[in-house]
$ cat model02.txt   # compact mmCIF, C-alpha atoms
# COMPACT_ATOMS: atom_id res chain seq x y z
CA MET C 1 38.31 19.25 -6.71
CA ASP C 2 41.74 20.33 -7.86
CA LYS C 3 44.83 18.98 -6.17
CA GLN C 4 45.57 20.35 -2.73
CA VAL C 5 49.24 19.52 -3.08
CA PHE C 6 50.93 20.36 -6.36
CA ASN C 7 54.12 21.67 -7.90
CA ALA C 8 53.75 25.36 -8.76
CA GLU C 9 56.28 24.85 -11.57
CA ASP C 10 53.58 22.84 -13.38
CA LEU C 11 51.18 25.80 -13.49
CA PRO C 12 51.26 28.09 -16.53
CA TRP C 13 52.28 31.73 -16.33
CA THR C 14 49.54 34.16 -17.37
CA LYS C 15 50.68 37.29 -19.17
CA GLU C 16 49.36 40.46 -17.53
CA LYS C 17 49.54 44.12 -18.64
CA VAL C 18 52.71 44.22 -16.55
CA GLY C 19 54.56 41.02 -15.71
CA GLN C 20 53.36 37.44 -15.54
CA ARG C 21 51.29 35.74 -12.83
CA LYS C 22 50.53 32.31 -11.42
CA THR C 23 47.54 32.10 -9.10
CA LEU C 24 48.02 29.42 -6.46
CA ILE C 25 44.95 30.26 -4.38
CA GLY C 26 42.24 32.42 -5.86
CA SER C 27 38.52 33.09 -5.84
CA LYS C 28 37.82 29.46 -6.71
CA TYR C 29 38.53 28.59 -3.06
CA THR C 30 38.06 31.78 -1.03
CA ASP C 31 36.68 35.29 -1.29
CA ALA C 32 38.83 36.50 1.60
CA ALA C 33 42.38 35.98 0.30
CA SER C 34 44.59 34.99 -2.62
CA PHE C 35 48.15 33.84 -3.18
CA HIS C 36 50.09 34.55 -6.37
CA LEU C 37 53.53 34.26 -7.87
CA LEU C 38 54.52 37.21 -10.00
CA LYS C 39 57.54 38.03 -12.11
CA LEU C 40 58.72 41.24 -13.71
CA ARG C 41 61.18 41.33 -16.58
CA PRO C 42 64.15 43.72 -16.53
CA LYS C 43 63.06 47.37 -16.75
CA GLU C 44 59.38 46.45 -16.16
CA GLN C 45 57.51 48.21 -13.37
CA PHE C 46 54.23 48.51 -11.57
CA GLN C 47 53.42 52.21 -11.57
CA THR C 48 52.42 53.80 -8.27
CA HIS C 49 48.99 52.52 -7.27
CA GLU C 50 46.87 51.63 -4.27
CA HIS C 51 44.03 49.26 -3.51
CA SER C 52 41.54 48.47 -0.78
CA PHE C 53 43.17 45.25 0.47
CA LEU C 54 46.29 44.18 2.33
CA GLN C 55 49.24 42.70 0.44
CA ALA C 56 52.22 40.82 1.81
CA LEU C 57 55.09 40.81 -0.70
CA TYR C 58 58.06 38.45 -0.48
CA PHE C 59 60.78 38.93 -3.09
CA THR C 60 62.53 35.67 -4.00
CA SER C 61 64.88 36.92 -6.75
CA GLY C 62 66.00 39.98 -8.65
CA THR C 63 66.89 43.55 -7.80
CA GLY C 64 64.96 46.77 -8.00
CA ILE C 65 63.13 49.38 -5.98
CA LEU C 66 59.96 48.98 -3.94
CA THR C 67 58.40 52.30 -2.96
CA VAL C 68 55.76 52.47 -0.22
CA ASP C 69 54.29 55.89 0.61
CA ASP C 70 57.22 57.67 -1.12
CA GLU C 71 59.81 55.64 0.88
CA PRO C 72 62.12 53.63 -1.44
CA TYR C 73 63.50 50.21 -0.46
CA ASP C 74 66.13 48.20 -2.32
CA ILE C 75 64.70 44.91 -3.55
CA THR C 76 66.93 41.92 -2.90
CA PRO C 77 65.95 38.29 -2.33
CA GLY C 78 64.29 37.97 1.07
CA LEU C 79 62.86 41.50 1.22
CA THR C 80 59.39 41.31 2.75
CA ALA C 81 56.82 44.11 2.84
CA ILE C 82 53.34 44.48 4.26
CA VAL C 83 51.35 46.99 2.23
CA PHE C 84 48.21 48.13 4.01
CA PRO C 85 45.03 49.17 2.19
CA ASN C 86 45.22 52.57 0.50
CA GLN C 87 49.02 52.81 0.77
CA CYS C 88 50.60 54.03 -2.46
CA HIS C 89 53.24 51.62 -3.68
CA SER C 90 55.22 50.65 -6.78
CA VAL C 91 57.73 48.00 -7.85
CA GLN C 92 60.45 48.68 -10.40
CA ASN C 93 62.88 46.13 -11.80
CA THR C 94 66.19 47.97 -12.15
CA GLY C 95 68.31 44.87 -12.67
CA ASN C 96 69.18 42.59 -15.58
CA ASP C 97 67.27 39.57 -14.24
CA GLU C 98 63.62 38.93 -13.51
CA ILE C 99 62.17 39.87 -10.15
CA GLU C 100 60.06 37.09 -8.66
CA ILE C 101 57.54 37.91 -5.95
CA MET C 102 55.26 35.82 -3.78
CA ILE C 103 52.12 37.87 -3.06
CA PHE C 104 49.51 37.13 -0.42
CA GLU C 105 46.41 39.32 -0.53
CA SER C 106 43.82 39.57 2.24
CA TYR C 107 40.50 41.19 1.39
CA GLN C 108 39.21 41.31 4.96
CA MET C 109 40.85 43.35 7.71
CA LYS C 110 39.76 44.42 11.13
CA GLN C 111 39.46 48.16 11.50
CA SER C 112 42.24 48.24 14.10
CA ASP C 113 44.69 46.23 11.99
CA SER C 114 45.99 49.19 9.97
CA PRO C 115 47.47 52.30 11.53
CA PHE C 116 47.55 53.90 8.05
CA VAL C 117 43.90 53.78 7.07
CA ASP C 118 40.95 55.74 8.37
CA PHE C 119 37.95 53.48 7.84

$ encode --input "model02.txt" --output "structure tokens"
Amino acid sequence: MDKQVFNAEDLPWTKEKVGQRKTLIGSKYTDAASFHLLKLRPKEQFQTHEHSFLQALYFTSGTGILTVDDEPYDITPGLTAIVFPNQCHSVQNTGNDEIEIMIFESYQMKQSDSPFVDF
């Protein structure tokens, strides 16, 4: 078994199509959730997209624009967003520094948990 307690700084960053990612909790331990660290370089962005699971986003550094269902929000450290399944959203780094995001994803939701989704 891998270590239960570790320093995330010791984990390598994985280059993605957009940004870089560290997976702290993934499918190795659970099929119901995951926890990642993500960073976007200046001018990088996640185009508008949606998915079938819930995401909780916590921005730890950087500046930019988070858009959820066509509503823009200024990204500053501490901004927190809950993105429900099938909500369109995007993240754009508009600053000169990296944006760092902690992302929790839950792949199981009760039908009544989301006022935005018609299951």

$ atom_distance --input "model02.txt" --atom1 "atom CA of Ser52 of chain C" --atom2 "atom CA of Tyr73 of chain C"
22.0 Å

$ closest_residue --input "model02.txt" --among "C:Glu100, C:Thr30, C:Val68, C:Trp13" --to "Phe84 of chain C" --atoms "only C-alpha atoms"
C:Val68

$ atom_distance --input "model02.txt" --atom1 "atom CA of Ala33 of chain C" --atom2 "atom CA of Glu105 of chain C"
5.3 Å

$ closest_residue --input "model02.txt" --among "C:Leu40, C:Asp69, C:Gln55, C:Ala8" --to "Ile25 of chain C" --atoms "all atoms listed in the file"
C:Ala8

$ residues_around --input "model02.txt" --residues "Phe46 of chain C" --least-positions-apart "4" --cutoff "10 Å" --atoms "all atoms listed in the file" --output "ChimeraX atom specification"
/C:17-19,40,66,89-93

$ residues_near_point --input "model02.txt" --point "(50.6, 36.4, 0.4)" --cutoff "7 Å" --atoms "all atoms listed in the file" --output "JSON, numbers by chain"
{"C": [34, 35, 55, 56, 57, 102, 103, 104, 105]}

$ closest_residue --input "model02.txt" --among "C:Lys3, C:Glu44, C:Glu9, C:Lys15" --to "Tyr29 of chain C" --atoms "all atoms listed in the file"
C:Lys3

$ atom_distance --input "model02.txt" --atom1 "atom CA of Asp70 of chain C" --atom2 "atom CA of Lys43 of chain C"
19.6 Å

$ residues_around --input "model02.txt" --residues "Gly62 of chain C" --least-positions-apart "4" --cutoff "8 Å" --atoms "all atoms listed in the file" --output "PyMOL selection string"
chain C and resi 75-77+93+95+97-100

$ closest_residue --input "model02.txt" --among "C:Leu37, C:Cys88, C:Val5, C:Ala32" --to "Tyr58 of chain C" --atoms "all atoms listed in the file"
C:Leu37

$ build_atoms --input "model02.txt" --residues "segment 51-69 of chain C" --atoms "N, CA and C atoms" --output "compact mmCIF listing (two decimals), in the coordinates of the input"
# COMPACT_ATOMS: atom_id res chain seq x y z
N HIS C 51 45.25 50.06 -3.45
CA HIS C 51 44.03 49.26 -3.51
C HIS C 51 43.46 49.11 -2.12
N SER C 52 42.29 48.51 -2.04
CA SER C 52 41.54 48.47 -0.78
C SER C 52 41.82 47.22 0.04
N PHE C 53 42.86 46.48 -0.28
CA PHE C 53 43.17 45.25 0.47
C PHE C 53 44.63 45.22 0.88
N LEU C 54 44.93 44.36 1.83
CA LEU C 54 46.29 44.18 2.33
C LEU C 54 47.07 43.26 1.40
N GLN C 55 48.33 43.57 1.19
CA GLN C 55 49.24 42.70 0.44
C GLN C 55 50.48 42.43 1.27
N ALA C 56 50.92 41.18 1.27
CA ALA C 56 52.22 40.82 1.81
C ALA C 56 53.07 40.41 0.61
N LEU C 57 54.19 41.07 0.43
CA LEU C 57 55.09 40.81 -0.70
C LEU C 57 56.37 40.17 -0.17
N TYR C 58 56.79 39.09 -0.81
CA TYR C 58 58.06 38.45 -0.48
C TYR C 58 58.84 38.28 -1.78
N PHE C 59 59.98 38.94 -1.88
CA PHE C 59 60.78 38.93 -3.09
C PHE C 59 61.77 37.76 -3.03
N THR C 60 61.69 36.86 -4.01
CA THR C 60 62.53 35.67 -4.00
C THR C 60 63.76 35.81 -4.90
N SER C 61 63.71 36.73 -5.88
CA SER C 61 64.88 36.92 -6.75
C SER C 61 64.80 38.29 -7.42
N GLY C 62 65.93 38.74 -7.91
CA GLY C 62 66.00 39.98 -8.65
C GLY C 62 66.38 41.17 -7.79
N THR C 63 66.55 42.31 -8.47
CA THR C 63 66.89 43.55 -7.80
C THR C 63 66.05 44.68 -8.38
N GLY C 64 65.76 45.65 -7.55
CA GLY C 64 64.96 46.77 -8.00
C GLY C 64 64.64 47.68 -6.85
N ILE C 65 63.54 48.44 -7.00
CA ILE C 65 63.13 49.38 -5.98
C ILE C 65 61.65 49.19 -5.70
N LEU C 66 61.33 48.97 -4.43
CA LEU C 66 59.96 48.98 -3.94
C LEU C 66 59.77 50.32 -3.25
N THR C 67 58.71 51.02 -3.62
CA THR C 67 58.40 52.30 -2.96
C THR C 67 57.05 52.16 -2.29
N VAL C 68 57.00 52.49 -1.00
CA VAL C 68 55.76 52.47 -0.22
C VAL C 68 55.61 53.85 0.42
N ASP C 69 54.53 54.53 0.09
CA ASP C 69 54.29 55.89 0.61
C ASP C 69 55.52 56.78 0.46
